[in-house]
file final-v9.csv (CSV, C-alpha atoms)
chain,number,residue,atom,x,y,z
C,270,MET,CA,0.0,0.0,0.0
C,271,GLU,CA,1.2,3.5,-0.9
C,272,LYS,CA,1.8,5.8,2.0
C,273,ILE,CA,0.3,9.3,2.1
C,274,LYS,CA,2.3,12.0,3.8
C,275,LEU,CA,0.6,14.2,6.4
C,276,GLU,CA,1.5,17.4,8.1
C,277,ILE,CA,0.2,19.1,11.3
C,278,VAL,CA,-1.9,22.2,10.4
C,279,GLY,CA,-4.0,22.9,13.5
C,280,LEU,CA,-4.2,22.1,17.2
C,281,SER,CA,-7.3,23.6,19.0
C,282,TYR,CA,-9.1,23.2,22.3
C,283,SER,CA,-12.2,21.0,22.2
C,284,GLN,CA,-15.4,22.9,23.1
C,285,THR,CA,-17.2,19.6,23.7
C,286,GLN,CA,-14.8,17.4,25.6
C,287,SER,CA,-13.3,18.9,28.7
C,288,GLY,CA,-9.5,18.7,28.6
C,289,ALA,CA,-9.4,17.4,25.0
C,290,TYR,CA,-8.0,18.9,21.9
C,291,ALA,CA,-8.5,18.5,18.1
C,292,LEU,CA,-5.3,17.8,16.2
C,293,VAL,CA,-5.8,18.4,12.5
C,294,LEU,CA,-3.5,16.7,10.0
C,295,SER,CA,-3.5,17.5,6.3
C,296,GLU,CA,-2.3,15.4,3.3
C,297,VAL,CA,0.6,17.2,1.8
C,298,GLU,CA,-0.5,16.7,-1.8
C,299,GLY,CA,-4.3,17.2,-1.4
C,300,ASN,CA,-7.2,18.9,0.3
C,301,ARG,CA,-8.2,16.3,2.8
C,302,ARG,CA,-7.9,16.9,6.6
C,303,LEU,CA,-7.7,14.2,9.2
C,304,PRO,CA,-9.0,15.5,12.6
C,305,ILE,CA,-8.0,13.5,15.7
C,306,ILE,CA,-9.2,14.1,19.2
C,307,ILE,CA,-6.3,13.9,21.7
C,308,GLY,CA,-5.8,14.5,25.4
C,309,GLY,CA,-4.5,17.8,26.9
C,310,PHE,CA,-1.1,16.4,28.0
C,311,GLU,CA,-0.3,15.1,24.5
C,312,ALA,CA,-1.6,18.4,22.9
C,313,GLN,CA,0.7,20.3,25.3
C,314,ALA,CA,3.6,18.1,24.4
C,315,ILE,CA,3.0,18.6,20.6
C,316,ALA,CA,2.5,22.4,21.0
C,317,ILE,CA,5.6,22.9,23.1
C,318,GLU,CA,7.8,21.2,20.4
C,319,LEU,CA,6.1,23.0,17.5
C,320,GLU,CA,6.5,26.3,19.2
C,321,LYS,CA,10.2,25.5,20.0
C,322,MET,CA,9.6,26.1,23.8
C,323,VAL,CA,12.0,24.5,26.3
C,324,PRO,CA,10.3,23.2,29.5
C,325,THR,CA,12.3,23.6,32.7
C,326,ARG,CA,12.3,19.8,33.1
C,327,PRO,CA,12.0,17.2,30.3
C,328,LEU,CA,8.4,16.1,29.5
C,329,THR,CA,7.7,12.3,29.1
C,330,HIS,CA,8.1,12.6,25.3
C,331,ASP,CA,11.4,14.5,25.7
C,332,LEU,CA,12.6,11.7,28.1
C,333,PHE,CA,11.7,9.1,25.4
C,334,LYS,CA,13.8,11.0,22.8
C,335,ASN,CA,16.7,11.4,25.2
C,336,PHE,CA,16.6,7.7,26.1
C,337,ALA,CA,16.3,6.7,22.4
C,338,THR,CA,19.2,8.8,21.2
C,339,SER,CA,21.3,7.6,24.1
C,340,PHE,CA,21.0,4.1,22.8
C,341,ASP,CA,21.4,5.2,19.1
C,342,ILE,CA,17.7,4.7,18.2
C,343,ASN,CA,16.3,7.0,15.6
C,344,VAL,CA,12.6,7.4,14.9
C,345,LYS,CA,12.4,7.5,11.1
C,346,GLU,CA,8.6,7.9,10.6
C,347,VAL,CA,5.1,7.7,12.2
C,348,ILE,CA,2.5,5.7,10.4
C,349,ILE,CA,-1.2,5.9,11.2
C,350,TYR,CA,-2.1,2.4,10.0
C,351,ASN,CA,-5.6,1.6,11.2
C,352,LEU,CA,-8.9,3.0,12.3
C,353,ILE,CA,-11.2,0.8,14.3
C,354,GLU,CA,-14.5,2.1,15.9
C,355,GLY,CA,-13.2,5.7,15.8
C,356,ILE,CA,-9.8,4.9,17.3
C,357,PHE,CA,-6.7,5.6,15.3
C,358,TYR,CA,-3.8,3.1,15.5
C,359,SER,CA,-0.2,4.2,14.9
C,360,LYS,CA,3.3,2.9,15.1
C,361,LEU,CA,6.8,4.4,15.2
C,362,ILE,CA,9.3,3.1,12.7
C,363,CYS,CA,12.6,3.1,14.4
C,364,GLU,CA,16.2,2.3,13.3
C,365,GLN,CA,19.0,1.1,15.5
C,366,ASN,CA,22.3,-0.1,14.0
C,367,GLY,CA,20.7,-0.6,10.6
C,368,GLN,CA,17.9,-2.7,12.0
C,369,ILE,CA,14.3,-1.4,11.5
C,370,LEU,CA,11.9,-1.8,14.4
C,371,GLU,CA,8.2,-1.0,14.7
C,372,ILE,CA,6.7,0.1,18.0
C,373,ASP,CA,3.0,0.3,18.5
C,374,ALA,CA,1.8,3.7,20.0
C,375,ARG,CA,-1.2,5.8,20.6
C,376,THR,CA,-1.5,8.3,17.7
C,377,SER,CA,-1.1,11.3,20.0
C,378,ASP,CA,2.0,9.9,21.6
C,379,ALA,CA,3.5,8.8,18.3
C,380,ILE,CA,3.0,12.3,16.8
C,381,ALA,CA,4.4,14.0,20.0
C,382,ILE,CA,7.5,11.8,19.7
C,383,GLY,CA,7.6,12.2,15.9
C,384,VAL,CA,7.8,16.0,16.1
C,385,ARG,CA,10.8,15.7,18.4
C,386,PHE,CA,12.6,13.5,15.9
C,387,LYS,CA,11.4,15.8,13.0
C,388,CYS,CA,10.2,12.7,11.2
C,389,PRO,CA,7.4,12.5,8.7
C,390,VAL,CA,3.9,11.3,9.5
C,391,TYR,CA,2.1,9.0,7.0
C,392,THR,CA,-1.2,7.2,6.6
C,393,PHE,CA,-2.9,5.1,4.0
C,394,GLU,CA,-5.7,5.9,1.5
C,395,SER,CA,-8.1,3.6,3.4
C,396,ILE,CA,-7.8,5.8,6.5
C,397,LEU,CA,-8.1,9.1,4.6
C,398,SER,CA,-11.1,7.9,2.6
C,399,SER,CA,-13.0,6.8,5.6
C,400,ALA,CA,-12.0,9.4,8.2
C,401,GLY,CA,-10.7,12.4,6.1
C,402,ILE,CA,-12.7,15.5,5.5
C,403,LEU,CA,-12.3,17.1,2.0
C,404,LEU,CA,-11.8,20.9,1.8
C,405,ASP,CA,-12.5,23.0,-1.3
C,406,ASP,CA,-9.7,24.3,-3.5
C,407,THR,CA,-9.9,27.8,-2.0
C,408,GLN,CA,-8.9,26.8,1.5
C,409,THR,CA,-5.2,26.3,2.4
C,410,ASN,CA,-3.4,24.7,5.2
C,411,GLU,CA,-2.6,28.1,6.6
C,412,ASP,CA,-6.4,28.8,7.0
C,413,LEU,CA,-6.4,26.3,9.9
C,414,ILE,CA,-3.4,27.4,11.9
C,415,GLY,CA,-4.3,29.2,15.1
C,416,GLU,CA,-8.0,29.0,14.5
C,417,SER,CA,-10.1,27.5,17.3
C,418,ILE,CA,-12.6,24.7,16.5
C,419,GLU,CA,-16.0,25.4,18.0
C,420,GLU,CA,-18.9,23.1,18.1
C,421,GLU,CA,-21.8,24.0,16.0
C,422,GLU,CA,-25.2,24.1,17.8
C,423,PRO,CA,-27.5,21.2,16.7
C,424,GLU,CA,-30.6,22.1,14.8
C,425,ALA,CA,-33.7,23.0,16.8
C,426,GLY,CA,-35.5,19.9,18.0
C,427,SER,CA,-32.5,17.5,17.5
C,428,ASN,CA,-30.8,16.2,20.6
C,429,THR,CA,-28.1,14.0,19.1
C,430,LEU,CA,-26.6,13.1,15.8
C,431,GLU,CA,-28.3,9.7,16.1
C,432,SER,CA,-31.7,11.5,15.6
C,433,LEU,CA,-30.8,13.0,12.3
C,434,SER,CA,-31.4,11.4,8.9
C,435,ILE,CA,-28.4,10.6,6.6
C,436,ASP,CA,-29.4,13.6,4.4
C,437,GLU,CA,-29.4,15.9,7.4
C,438,LEU,CA,-26.1,14.5,8.6
C,439,ASN,CA,-24.5,15.1,5.2
C,440,GLU,CA,-26.0,18.7,5.2
C,441,GLN,CA,-24.5,19.3,8.7
C,442,MET,CA,-21.2,17.8,7.6
C,443,ASN,CA,-20.9,20.2,4.7
C,444,ALA,CA,-21.8,23.2,7.0
C,445,ALA,CA,-19.2,22.0,9.6
C,446,VAL,CA,-16.5,21.8,6.9
C,447,ASP,CA,-17.4,25.2,5.5
C,448,ASN,CA,-17.1,26.6,9.0
C,449,GLU,CA,-13.8,24.7,9.6
C,450,ASP,CA,-15.5,22.9,12.5
C,451,TYR,CA,-13.5,19.8,12.1
C,452,GLU,CA,-14.3,18.3,15.5
C,453,LEU,CA,-18.1,18.3,14.7
C,454,ALA,CA,-17.3,17.1,11.2
C,455,SER,CA,-15.4,14.1,12.6
C,456,LYS,CA,-18.3,13.3,14.9
C,457,ILE,CA,-20.7,13.4,12.0
C,458,ARG,CA,-18.3,11.3,9.9
C,459,ASP,CA,-18.1,8.7,12.7
C,460,GLU,CA,-21.9,8.6,12.9
C,461,LEU,CA,-22.2,8.1,9.1
C,462,ASN,CA,-19.6,5.4,9.2
C,463,ARG,CA,-21.4,3.7,12.1
C,464,ARG,CA,-24.6,3.6,10.1
C,465,GLU,CA,-22.9,2.2,7.0
C,466,GLY,CA,-21.5,-0.6,9.1
C,467,ASN,CA,-24.9,-1.6,10.3

call {"tool": "encode", "arguments": {"input": "final-v9.csv", "output": "structure tokens"}}
result
Amino acid sequence: MEKIKLEIVGLSYSQTQSGAYALVLSEVEGNRRLPIIIGGFEAQAIAIELEKMVPTRPLTHDLFKNFATSFDINVKEVIIYNLIEGIFYSKLICEQNGQILEIDARTSDAIAIGVRFKCPVYTFESILSSAGILLDDTQTNEDLIGESIEEEEPEAGSNTLESLSIDELNEQMNAAVDNEDYELASKIRDELNRREGN
């Protein structure tokens, strides 16, 4: 399977899940975005490295990097290789003395470590086609950086996404993407995928 290269284009506080953040990845050669909900600690670890901040004491991911480099282990790439029931599965591809090793990791941890090693992040077409959100040609990666993701209010009379029809879900998905509300769009996508699986 051919790998698709991704880059980080946004990291925003989740308005719906306390302490959670939305990490938005984008395919380098395309208009699809891959939103992933991550914890606050991992979001902080990613943001600190992206902003080139130096904490007073090493964070867990810094410790991992220091440990790995001390034993001549280099992280070559991060691969998001599976999506099961809304959970992304990732692995670190490492090299030590010419030997390639694969280490399973949560996606948020894999990316927090990957940014420290300045290594590329990849996924596969199957992941992007099922979980990616397509943007129109006028929007760019820079449109997402620094913008917060806010939850769109549900339509009057609807309590949950489960109560909406597929047409209504698709309509809300388009509105969420137009408003760059990738957290809501990912929830709608998950609901659509759940219904297709039934």

call {"tool": "residues_around", "arguments": {"input": "final-v9.csv", "residues": "Val390 of chain C", "least_positions_apart": "6", "cutoff": "6 Å", "atoms": "all atoms listed in the file", "output": "number ranges by chain"}}
result
C: 274-275, 346-348

call {"tool": "atom_distance", "arguments": {"input": "final-v9.csv", "atom1": "atom CA of Thr376 of chain C", "atom2": "atom CA of Glu311 of chain C"}}
result
9.7 Å

call {"tool": "atom_distance", "arguments": {"input": "final-v9.csv", "atom1": "atom CA of Tyr350 of chain C", "atom2": "atom CA of Arg302 of chain C"}}
result
16.0 Å

call {"tool": "atom_distance", "arguments": {"input": "final-v9.csv", "atom1": "atom CA of Glu460 of chain C", "atom2": "atom CA of Leu403 of chain C"}}
result
16.8 Å

call {"tool": "residues_around", "arguments": {"input": "final-v9.csv", "residues": "Ala374 of chain C", "least_positions_apart": "6", "cutoff": "8 Å", "atoms": "only C-alpha atoms", "output": "ChimeraX atom specification"}}
result
/C:358-361

call {"tool": "closest_residue", "arguments": {"input": "final-v9.csv", "among": "C:Phe310, C:Ile342, C:Glu394, C:Leu352", "to": "Asp378 of chain C", "atoms": "all atoms listed in the file"}}
result
C:Phe310

call {"tool": "closest_residue", "arguments": {"input": "final-v9.csv", "among": "C:Ser432, C:Thr338, C:Ser377, C:Asn351", "to": "Leu292 of chain C", "atoms": "all atoms listed in the file"}}
result
C:Ser377

call {"tool": "residues_around", "arguments": {"input": "final-v9.csv", "residues": "Gln365 of chain C", "least_positions_apart": "2", "cutoff": "7 Å", "atoms": "only C-alpha atoms", "output": "PyMOL selection string"}}
result
chain C and resi 341-343+363+367-369

call {"tool": "build_atoms", "arguments": {"input": "final-v9.csv", "residues": "segment 331-360 of chain C", "atoms": "N, CA and C atoms", "output": "CSV table (one decimal), in the frame of the given file"}}
result
chain,number,residue,atom,x,y,z
C,331,ASP,N,10.0,14.1,25.8
C,331,ASP,CA,11.4,14.5,25.7
C,331,ASP,C,12.3,13.4,26.3
C,332,LEU,N,11.8,12.8,27.4
C,332,LEU,CA,12.6,11.7,28.1
C,332,LEU,C,12.7,10.5,27.1
C,333,PHE,N,11.7,10.2,26.4
C,333,PHE,CA,11.7,9.1,25.4
C,333,PHE,C,12.8,9.4,24.4
C,334,LYS,N,12.8,10.7,23.9
C,334,LYS,CA,13.8,11.0,22.8
C,334,LYS,C,15.2,10.9,23.4
C,335,ASN,N,15.4,11.5,24.6
C,335,ASN,CA,16.7,11.4,25.2
C,335,ASN,C,17.2,10.0,25.4
C,336,PHE,N,16.3,9.1,25.9
C,336,PHE,CA,16.6,7.7,26.1
C,336,PHE,C,16.9,7.0,24.8
C,337,ALA,N,16.1,7.3,23.7
C,337,ALA,CA,16.3,6.7,22.4
C,337,ALA,C,17.6,7.1,21.8
C,338,THR,N,17.9,8.4,21.8
C,338,THR,CA,19.2,8.8,21.2
C,338,THR,C,20.4,8.4,22.0
C,339,SER,N,20.2,8.2,23.3
C,339,SER,CA,21.3,7.6,24.1
C,339,SER,C,21.7,6.2,23.7
C,340,PHE,N,20.7,5.5,23.2
C,340,PHE,CA,21.0,4.1,22.8
C,340,PHE,C,21.0,4.0,21.2
C,341,ASP,N,21.3,5.2,20.6
C,341,ASP,CA,21.4,5.2,19.1
C,341,ASP,C,20.2,4.7,18.4
C,342,ILE,N,19.0,5.0,18.9
C,342,ILE,CA,17.7,4.7,18.2
C,342,ILE,C,17.2,5.9,17.6
C,343,ASN,N,16.9,5.9,16.3
C,343,ASN,CA,16.3,7.0,15.6
C,343,ASN,C,14.9,6.7,15.1
C,344,VAL,N,13.9,7.6,15.4
C,344,VAL,CA,12.6,7.4,14.9
C,344,VAL,C,12.6,8.0,13.5
C,345,LYS,N,12.3,7.1,12.5
C,345,LYS,CA,12.4,7.5,11.1
C,345,LYS,C,11.0,8.0,10.6
C,346,GLU,N,9.9,7.5,11.1
C,346,GLU,CA,8.6,7.9,10.6
C,346,GLU,C,7.5,7.4,11.6
C,347,VAL,N,6.4,8.1,11.5
C,347,VAL,CA,5.1,7.7,12.2
C,347,VAL,C,4.1,7.3,11.2
C,348,ILE,N,3.5,6.2,11.4
C,348,ILE,CA,2.5,5.7,10.4
C,348,ILE,C,1.2,5.5,11.2
C,349,ILE,N,0.1,6.2,10.7
C,349,ILE,CA,-1.2,5.9,11.2
C,349,ILE,C,-1.8,4.8,10.3
C,350,TYR,N,-1.8,3.6,10.9
C,350,TYR,CA,-2.1,2.4,10.0
C,350,TYR,C,-3.5,1.8,10.1
C,351,ASN,N,-4.3,2.2,11.1
C,351,ASN,CA,-5.6,1.6,11.2
C,351,ASN,C,-6.5,2.5,11.9
C,352,LEU,N,-7.8,2.3,11.6
C,352,LEU,CA,-8.9,3.0,12.3
C,352,LEU,C,-10.0,2.0,12.6
C,353,ILE,N,-10.2,1.8,13.9
C,353,ILE,CA,-11.2,0.8,14.3
C,353,ILE,C,-12.2,1.5,15.3
C,354,GLU,N,-13.4,1.5,15.0
C,354,GLU,CA,-14.5,2.1,15.9
C,354,GLU,C,-14.1,3.5,16.4
C,355,GLY,N,-13.6,4.3,15.5
C,355,GLY,CA,-13.2,5.7,15.8
C,355,GLY,C,-11.9,5.9,16.5
C,356,ILE,N,-11.1,4.8,16.7
C,356,ILE,CA,-9.8,4.9,17.3
C,356,ILE,C,-8.7,4.7,16.3
C,357,PHE,N,-7.8,5.7,16.2
C,357,PHE,CA,-6.7,5.6,15.3
C,357,PHE,C,-5.6,4.7,15.9
C,358,TYR,N,-4.9,3.9,15.1
C,358,TYR,CA,-3.8,3.1,15.5
C,358,TYR,C,-2.5,3.5,14.8
C,359,SER,N,-1.4,3.7,15.5
C,359,SER,CA,-0.2,4.2,14.9
C,359,SER,C,1.0,3.4,15.4
C,360,LYS,N,2.1,3.5,14.7
C,360,LYS,CA,3.3,2.9,15.1
C,360,LYS,C,4.5,3.8,14.7
